[in-house]
There are 2 protein chains.
Amino acid sequence: MDSHIAPVELQKAYRLINHGPTVLVSARHGGVDNVMAAAWACALDFSPPKLTVVLDKATGTRALVDGSGMFVIQVPTVAQLRLTHQVGTSSMADTPDKLARASANLFSIPGHDLPFVAGCSAWLACKVIPEPHNQATYDLYIGEVVGAWADTRAFENGHWKFESADPCWRSLHYVAGGQFYATGEAHVADDGA
Amino acid sequence: MDSHIAPVELQKAYRLINHGPTVLVSARHGGVDNVMAAAWACALDFSPPKLTVVLDKATGTRALVDGSGMFVIQVPTVAQLRLTHQVGTSSMADTPDKLARASANLFSIPGHDLPFVAGCSAWLACKVIPEPHNQATYDLYIGEVVGAWADTRAFENGHWKFESADPCWRSLHYVAGGQFYATGEAHVADDGA
């Protein structure tokens with residue numbers, strides 16, 4: 001595990017996805033690891049932290065999530081633009097070496113039997129809160145965040161450091177057709193009272 | 001209605017929020033209009049378009065949504081930073097003139113009995129798909145998008161124009177403690193095959 005990766009307090013884990021980045025979803029079951037991209041992931045609660053993610057029935061990763069009841073939401077960076085688009089547009093069913101082709105390298109975090117994608121800025125290990133109606137009707141999964149980590153070059157002491165970090169660490173925000181926006185400049189609201 | 005506001009095809013409405021912006025939620029019931037900010041809103045489906053939004057039980061806007069079964073999700077701009085933070089941190093219960101204080105001006109769109117916030121870049125009129133368990137347990141609401149519009153200075157022909165538009169039109173992405181990031185630079189993924 002890279003020495004830059006540090007745990008994030010669970011009560012601040014929502015901050016890792018609060019700015020609405022496109023994420024990578026990874027899962028492991030029956031000796032298979034897979035990774036997909038998802039623009040439709042969102043924080044749901046602060047404490048215990050929960051999030052939602054939409055997993056289409058056609059995705060291989062969803063089957064692994066259904067099998068294991070666990071998944072990782074991770075925040076890819078501008079440096080991972082090609083990786084993010086590739087794991088979001090190819091399927092292991094057609095392309096068995098999908099992860100190698102996309103240069104998606106996996107690493108482990110002790111105590112979690114999950115595949116974490118190297119090079120991301122943040123990782124949230126999640127346990128599925130079973131909601132069969134949501135899953136069947138809307139492809140909507142709810143996860144409780146049971147572990148959170150960030151690369152301290154991008155997020156430290158509970159805060160993103162995009163202002164000072166190299167721009168390659170910025171998050172990606174997908175629109176459509178291969179088009180993304182990076183996270184941009186910081187703005188602080190005064191109270192305005 | 002401002003002449004720059006144009007309808008967006010429903011099948012492309014997801015693009016208005018796909019990049020994960022913080023949104024404003026507005027609703028009308030019993031002669032009362034209210035507006036709140038929400039970082040936790042997310043696309044859920046393409047066709048018919050649906051989205052999720054988390055509405056805390058303490059918010060006045062949620063009561064109006066429960067009363068009318070309708071709400072608007074709109075995308076505020078960098079120019080509306082102060083407005084967005086103010087409607088997200090003050091309550092009509094304590095501050096009856098909340099909307100005036102935040103300079104939140106409302107306008108109408110024919111055929112929709114809903115309050116639309118002027119100056120935003122995009123608006124999605126939504127009808128609640130009742131899911132009492134989600135609403136009670138997770139504060140999670142599902143809406144079907146029944147109308148979508150954008151300001152053509154920011155979004156036109158199905159695409160955001162942040163690259164060419166004035167930076168004041170960029171979306172806001174909330175983190176915590178009054179800190180936002182604007183939508184940043186565009187990146188296009190090649191197929192990488």
# chains A, B, ... in the order shown; residues from 1 in each chain; ligands from 1
>>> residues_around(residues="Tyr181 (chain A)", least_positions_apart="5", cutoff="6 Å", atoms="only C-alpha atoms", output="number ranges by chain")
A: 172-173; B: 184-187
>>> write_last_selection(atoms="N, CA, C and O atoms", output="PDB file, in the first residue's frame")
ATOM      1  N   LEU A 172     -12.739  13.947 -11.860  1.00  0.00           N
ATOM      2  CA  LEU A 172     -13.403  13.967 -13.161  1.00  0.00           C
ATOM      3  C   LEU A 172     -14.916  14.016 -12.970  1.00  0.00           C
ATOM      4  O   LEU A 172     -15.461  13.381 -12.057  1.00  0.00           O
ATOM      5  N   HIS A 173     -15.584  14.744 -13.856  1.00  0.00           N
ATOM      6  CA  HIS A 173     -17.048  14.858 -13.813  1.00  0.00           C
ATOM      7  C   HIS A 173     -17.545  14.575 -15.229  1.00  0.00           C
ATOM      8  O   HIS A 173     -17.357  15.394 -16.127  1.00  0.00           O
TER       9      HIS A 173
ATOM     10  N   GLY B 184     -14.495  22.760 -13.797  1.00  0.00           N
ATOM     11  CA  GLY B 184     -13.224  23.190 -14.373  1.00  0.00           C
ATOM     12  C   GLY B 184     -13.087  22.912 -15.854  1.00  0.00           C
ATOM     13  O   GLY B 184     -14.061  22.957 -16.618  1.00  0.00           O
ATOM     14  N   GLU B 185     -11.865  22.581 -16.258  1.00  0.00           N
ATOM     15  CA  GLU B 185     -11.581  22.489 -17.683  1.00  0.00           C
ATOM     16  C   GLU B 185     -12.099  21.187 -18.301  1.00  0.00           C
ATOM     17  O   GLU B 185     -12.265  20.169 -17.612  1.00  0.00           O
ATOM     18  N   ALA B 186     -12.336  21.240 -19.590  1.00  0.00           N
ATOM     19  CA  ALA B 186     -12.871  20.093 -20.322  1.00  0.00           C
ATOM     20  C   ALA B 186     -11.759  19.112 -20.678  1.00  0.00           C
ATOM     21  O   ALA B 186     -10.620  19.513 -20.953  1.00  0.00           O
ATOM     22  N   HIS B 187     -12.101  17.830 -20.641  1.00  0.00           N
ATOM     23  CA  HIS B 187     -11.197  16.767 -21.086  1.00  0.00           C
ATOM     24  C   HIS B 187     -12.014  15.795 -21.922  1.00  0.00           C
ATOM     25  O   HIS B 187     -13.113  15.413 -21.517  1.00  0.00           O
TER      26      HIS B 187
END
>>> interface_residues(of="chain A", to="chain B", cutoff="7 Å", atoms="only C-alpha atoms", output="PyMOL selection string")
chain A and resi 15+18-21+39-44+54+81-82+85+173-175+178-189+192
>>> write_last_selection(atoms="N, CA, C and O atoms", output="compact mmCIF listing (two decimals), in the first residue's frame")
# COMPACT_ATOMS: atom_id res chain seq x y z
N ARG A 15 -17.14 13.81 2.36
CA ARG A 15 -16.44 14.89 1.64
C ARG A 15 -15.67 14.37 0.42
O ARG A 15 -15.34 15.15 -0.48
N ASN A 18 -18.58 14.47 -2.11
CA ASN A 18 -19.61 15.52 -2.03
C ASN A 18 -19.60 16.46 -3.23
O ASN A 18 -20.64 17.06 -3.56
N HIS A 19 -18.45 16.59 -3.89
CA HIS A 19 -18.35 17.51 -5.04
C HIS A 19 -18.83 16.84 -6.33
O HIS A 19 -18.72 17.44 -7.40
N GLY A 20 -19.37 15.62 -6.23
CA GLY A 20 -20.06 15.03 -7.38
C GLY A 20 -19.17 14.44 -8.45
O GLY A 20 -19.53 14.47 -9.64
N PRO A 21 -18.01 13.86 -8.08
CA PRO A 21 -17.15 13.29 -9.12
C PRO A 21 -17.73 12.02 -9.70
O PRO A 21 -18.50 11.31 -9.05
N ALA A 39 -21.08 7.50 -13.16
CA ALA A 39 -21.30 8.93 -12.92
C ALA A 39 -22.40 9.12 -11.88
O ALA A 39 -22.51 10.20 -11.29
N TRP A 40 -23.20 8.07 -11.65
CA TRP A 40 -24.36 8.20 -10.80
C TRP A 40 -24.10 7.58 -9.42
O TRP A 40 -24.63 6.51 -9.08
N ALA A 41 -23.26 8.25 -8.66
CA ALA A 41 -22.99 7.88 -7.28
C ALA A 41 -23.13 9.15 -6.46
O ALA A 41 -22.81 10.25 -6.93
N CYS A 42 -23.59 9.02 -5.21
CA CYS A 42 -23.97 10.21 -4.46
C CYS A 42 -23.96 9.89 -2.97
O CYS A 42 -24.36 8.80 -2.56
N ALA A 43 -23.52 10.85 -2.17
CA ALA A 43 -23.63 10.68 -0.71
C ALA A 43 -25.10 10.62 -0.31
O ALA A 43 -25.97 11.20 -0.96
N LEU A 44 -25.36 9.89 0.78
CA LEU A 44 -26.74 9.70 1.26
C LEU A 44 -26.89 10.07 2.73
O LEU A 44 -27.96 10.47 3.16
N VAL A 54 -25.78 3.76 -8.83
CA VAL A 54 -26.64 3.07 -9.80
C VAL A 54 -25.78 2.07 -10.57
O VAL A 54 -24.77 2.44 -11.17
N LEU A 81 -7.97 9.64 -16.79
CA LEU A 81 -9.06 9.90 -17.73
C LEU A 81 -9.30 8.71 -18.66
O LEU A 81 -10.43 8.23 -18.81
N ARG A 82 -8.22 8.21 -19.28
CA ARG A 82 -8.35 7.12 -20.24
C ARG A 82 -8.82 5.84 -19.54
O ARG A 82 -9.71 5.14 -20.03
N HIS A 85 -12.57 6.15 -18.69
CA HIS A 85 -13.44 5.97 -19.85
C HIS A 85 -13.42 4.53 -20.33
O HIS A 85 -14.46 3.96 -20.70
N HIS A 173 -15.58 14.74 -13.86
CA HIS A 173 -17.05 14.86 -13.81
C HIS A 173 -17.54 14.57 -15.23
O HIS A 173 -17.36 15.39 -16.13
N TYR A 174 -18.15 13.41 -15.40
CA TYR A 174 -18.54 12.98 -16.75
C TYR A 174 -19.81 13.66 -17.23
O TYR A 174 -20.74 13.87 -16.44
N VAL A 175 -19.86 13.98 -18.51
CA VAL A 175 -21.11 14.49 -19.07
C VAL A 175 -21.72 13.43 -19.99
O VAL A 175 -22.72 12.80 -19.65
N GLY A 178 -17.79 10.61 -23.89
CA GLY A 178 -16.36 10.73 -23.66
C GLY A 178 -15.92 12.09 -23.14
O GLY A 178 -14.73 12.34 -22.97
N GLN A 179 -16.89 12.97 -22.88
CA GLN A 179 -16.57 14.33 -22.41
C GLN A 179 -16.65 14.44 -20.90
O GLN A 179 -17.69 14.11 -20.29
N PHE A 180 -15.59 14.91 -20.33
CA PHE A 180 -15.50 15.13 -18.88
C PHE A 180 -15.14 16.58 -18.60
O PHE A 180 -14.53 17.26 -19.44
N TYR A 181 -15.49 17.03 -17.40
CA TYR A 181 -14.90 18.26 -16.87
C TYR A 181 -14.07 17.88 -15.65
O TYR A 181 -14.45 16.97 -14.89
N ALA A 182 -12.94 18.55 -15.47
CA ALA A 182 -12.17 18.40 -14.24
C ALA A 182 -12.79 19.30 -13.16
O ALA A 182 -13.48 20.28 -13.48
N THR A 183 -12.54 18.97 -11.91
CA THR A 183 -12.89 19.90 -10.83
C THR A 183 -12.08 21.18 -11.03
O THR A 183 -10.89 21.12 -11.38
N GLY A 184 -12.71 22.32 -10.82
CA GLY A 184 -12.08 23.60 -11.12
C GLY A 184 -11.66 24.39 -9.91
O GLY A 184 -11.27 23.83 -8.88
N GLU A 185 -11.80 25.70 -10.02
CA GLU A 185 -11.22 26.56 -8.98
C GLU A 185 -12.10 26.61 -7.72
O GLU A 185 -13.31 26.39 -7.77
N ALA A 186 -11.46 26.92 -6.61
CA ALA A 186 -12.14 26.97 -5.32
C ALA A 186 -12.87 28.31 -5.15
O ALA A 186 -12.40 29.35 -5.61
N HIS A 187 -14.02 28.24 -4.48
CA HIS A 187 -14.77 29.43 -4.11
C HIS A 187 -15.26 29.24 -2.68
O HIS A 187 -15.76 28.17 -2.34
N VAL A 188 -15.13 30.25 -1.87
CA VAL A 188 -15.61 30.18 -0.49
C VAL A 188 -16.72 31.19 -0.33
O VAL A 188 -16.57 32.37 -0.68
N ALA A 189 -17.88 30.71 0.17
CA ALA A 189 -19.01 31.60 0.39
C ALA A 189 -18.86 32.30 1.74
O ALA A 189 -18.57 31.64 2.74
N GLY A 192 -22.61 36.36 4.23
CA GLY A 192 -23.49 37.26 3.48
C GLY A 192 -24.61 37.84 4.31
O GLY A 192 -25.59 38.34 3.79
>>> select_by_dssp(residues="region 43-149 of chain A", states="strand (DSSP E)", output="ChimeraX atom specification")
/A:43-46,49-54,70-75,106-109,112-117,122-128,140-149
>>> residues_around(residues="Ser90 (chain B)", least_positions_apart="3", cutoff="10 Å", atoms="only C-alpha atoms", output="PyMOL selection string")
chain B and resi 36-37+59+85-87+93-96+98-99+101-102
>>> atom_distance(atom1="CA of Ala148 (chain B)", atom2="CA of Cys168 (chain B)")
21.3 Å
>>> select_by_dssp(residues="region 2-85 of chain A", states="alpha helix (DSSP H)", output="JSON, numbers by chain")
{"A": [60, 61, 62, 63, 64, 65, 66, 67, 68, 81, 82, 83, 84, 85]}
>>> residues_around(residues="Ala165 (chain A)", least_positions_apart="3", cutoff="8 Å", atoms="only C-alpha atoms", output="ChimeraX atom specification")
/A:153-154,161-162,169
>>> residues_around(residues="Gly69 (chain A)", least_positions_apart="4", cutoff="6 Å", atoms="only C-alpha atoms", output="list in words")
Val65, Lys127 and Val128 of chain A
>>> closest_residue(among="B:Pro130, B:Gly30, B:Pro115, B:Pro167", to="Phe71 (chain B)", atoms="only C-alpha atoms")
B:Pro115
>>> atom_distance(atom1="CA of Ser91 (chain A)", atom2="CA of Thr77 (chain A)")
21.2 Å
>>> closest_residue(among="A:Val72, A:Ile129, A:Val145, A:Ala79", to="Phe116 (chain A)", atoms="only C-alpha atoms")
A:Val72
>>> atom_distance(atom1="CA of Val146 (chain A)", atom2="CA of Gly31 (chain A)")
21.9 Å
>>> closest_residue(among="B:Ala118, B:Glu144, B:Met92, B:Ala27", to="Gln11 (chain B)", atoms="only C-alpha atoms")
B:Glu144
>>> closest_residue(among="A:Asn34, A:Thr152, A:Gln135, A:Gln74", to="Trp123 (chain A)", atoms="only C-alpha atoms")
A:Gln74
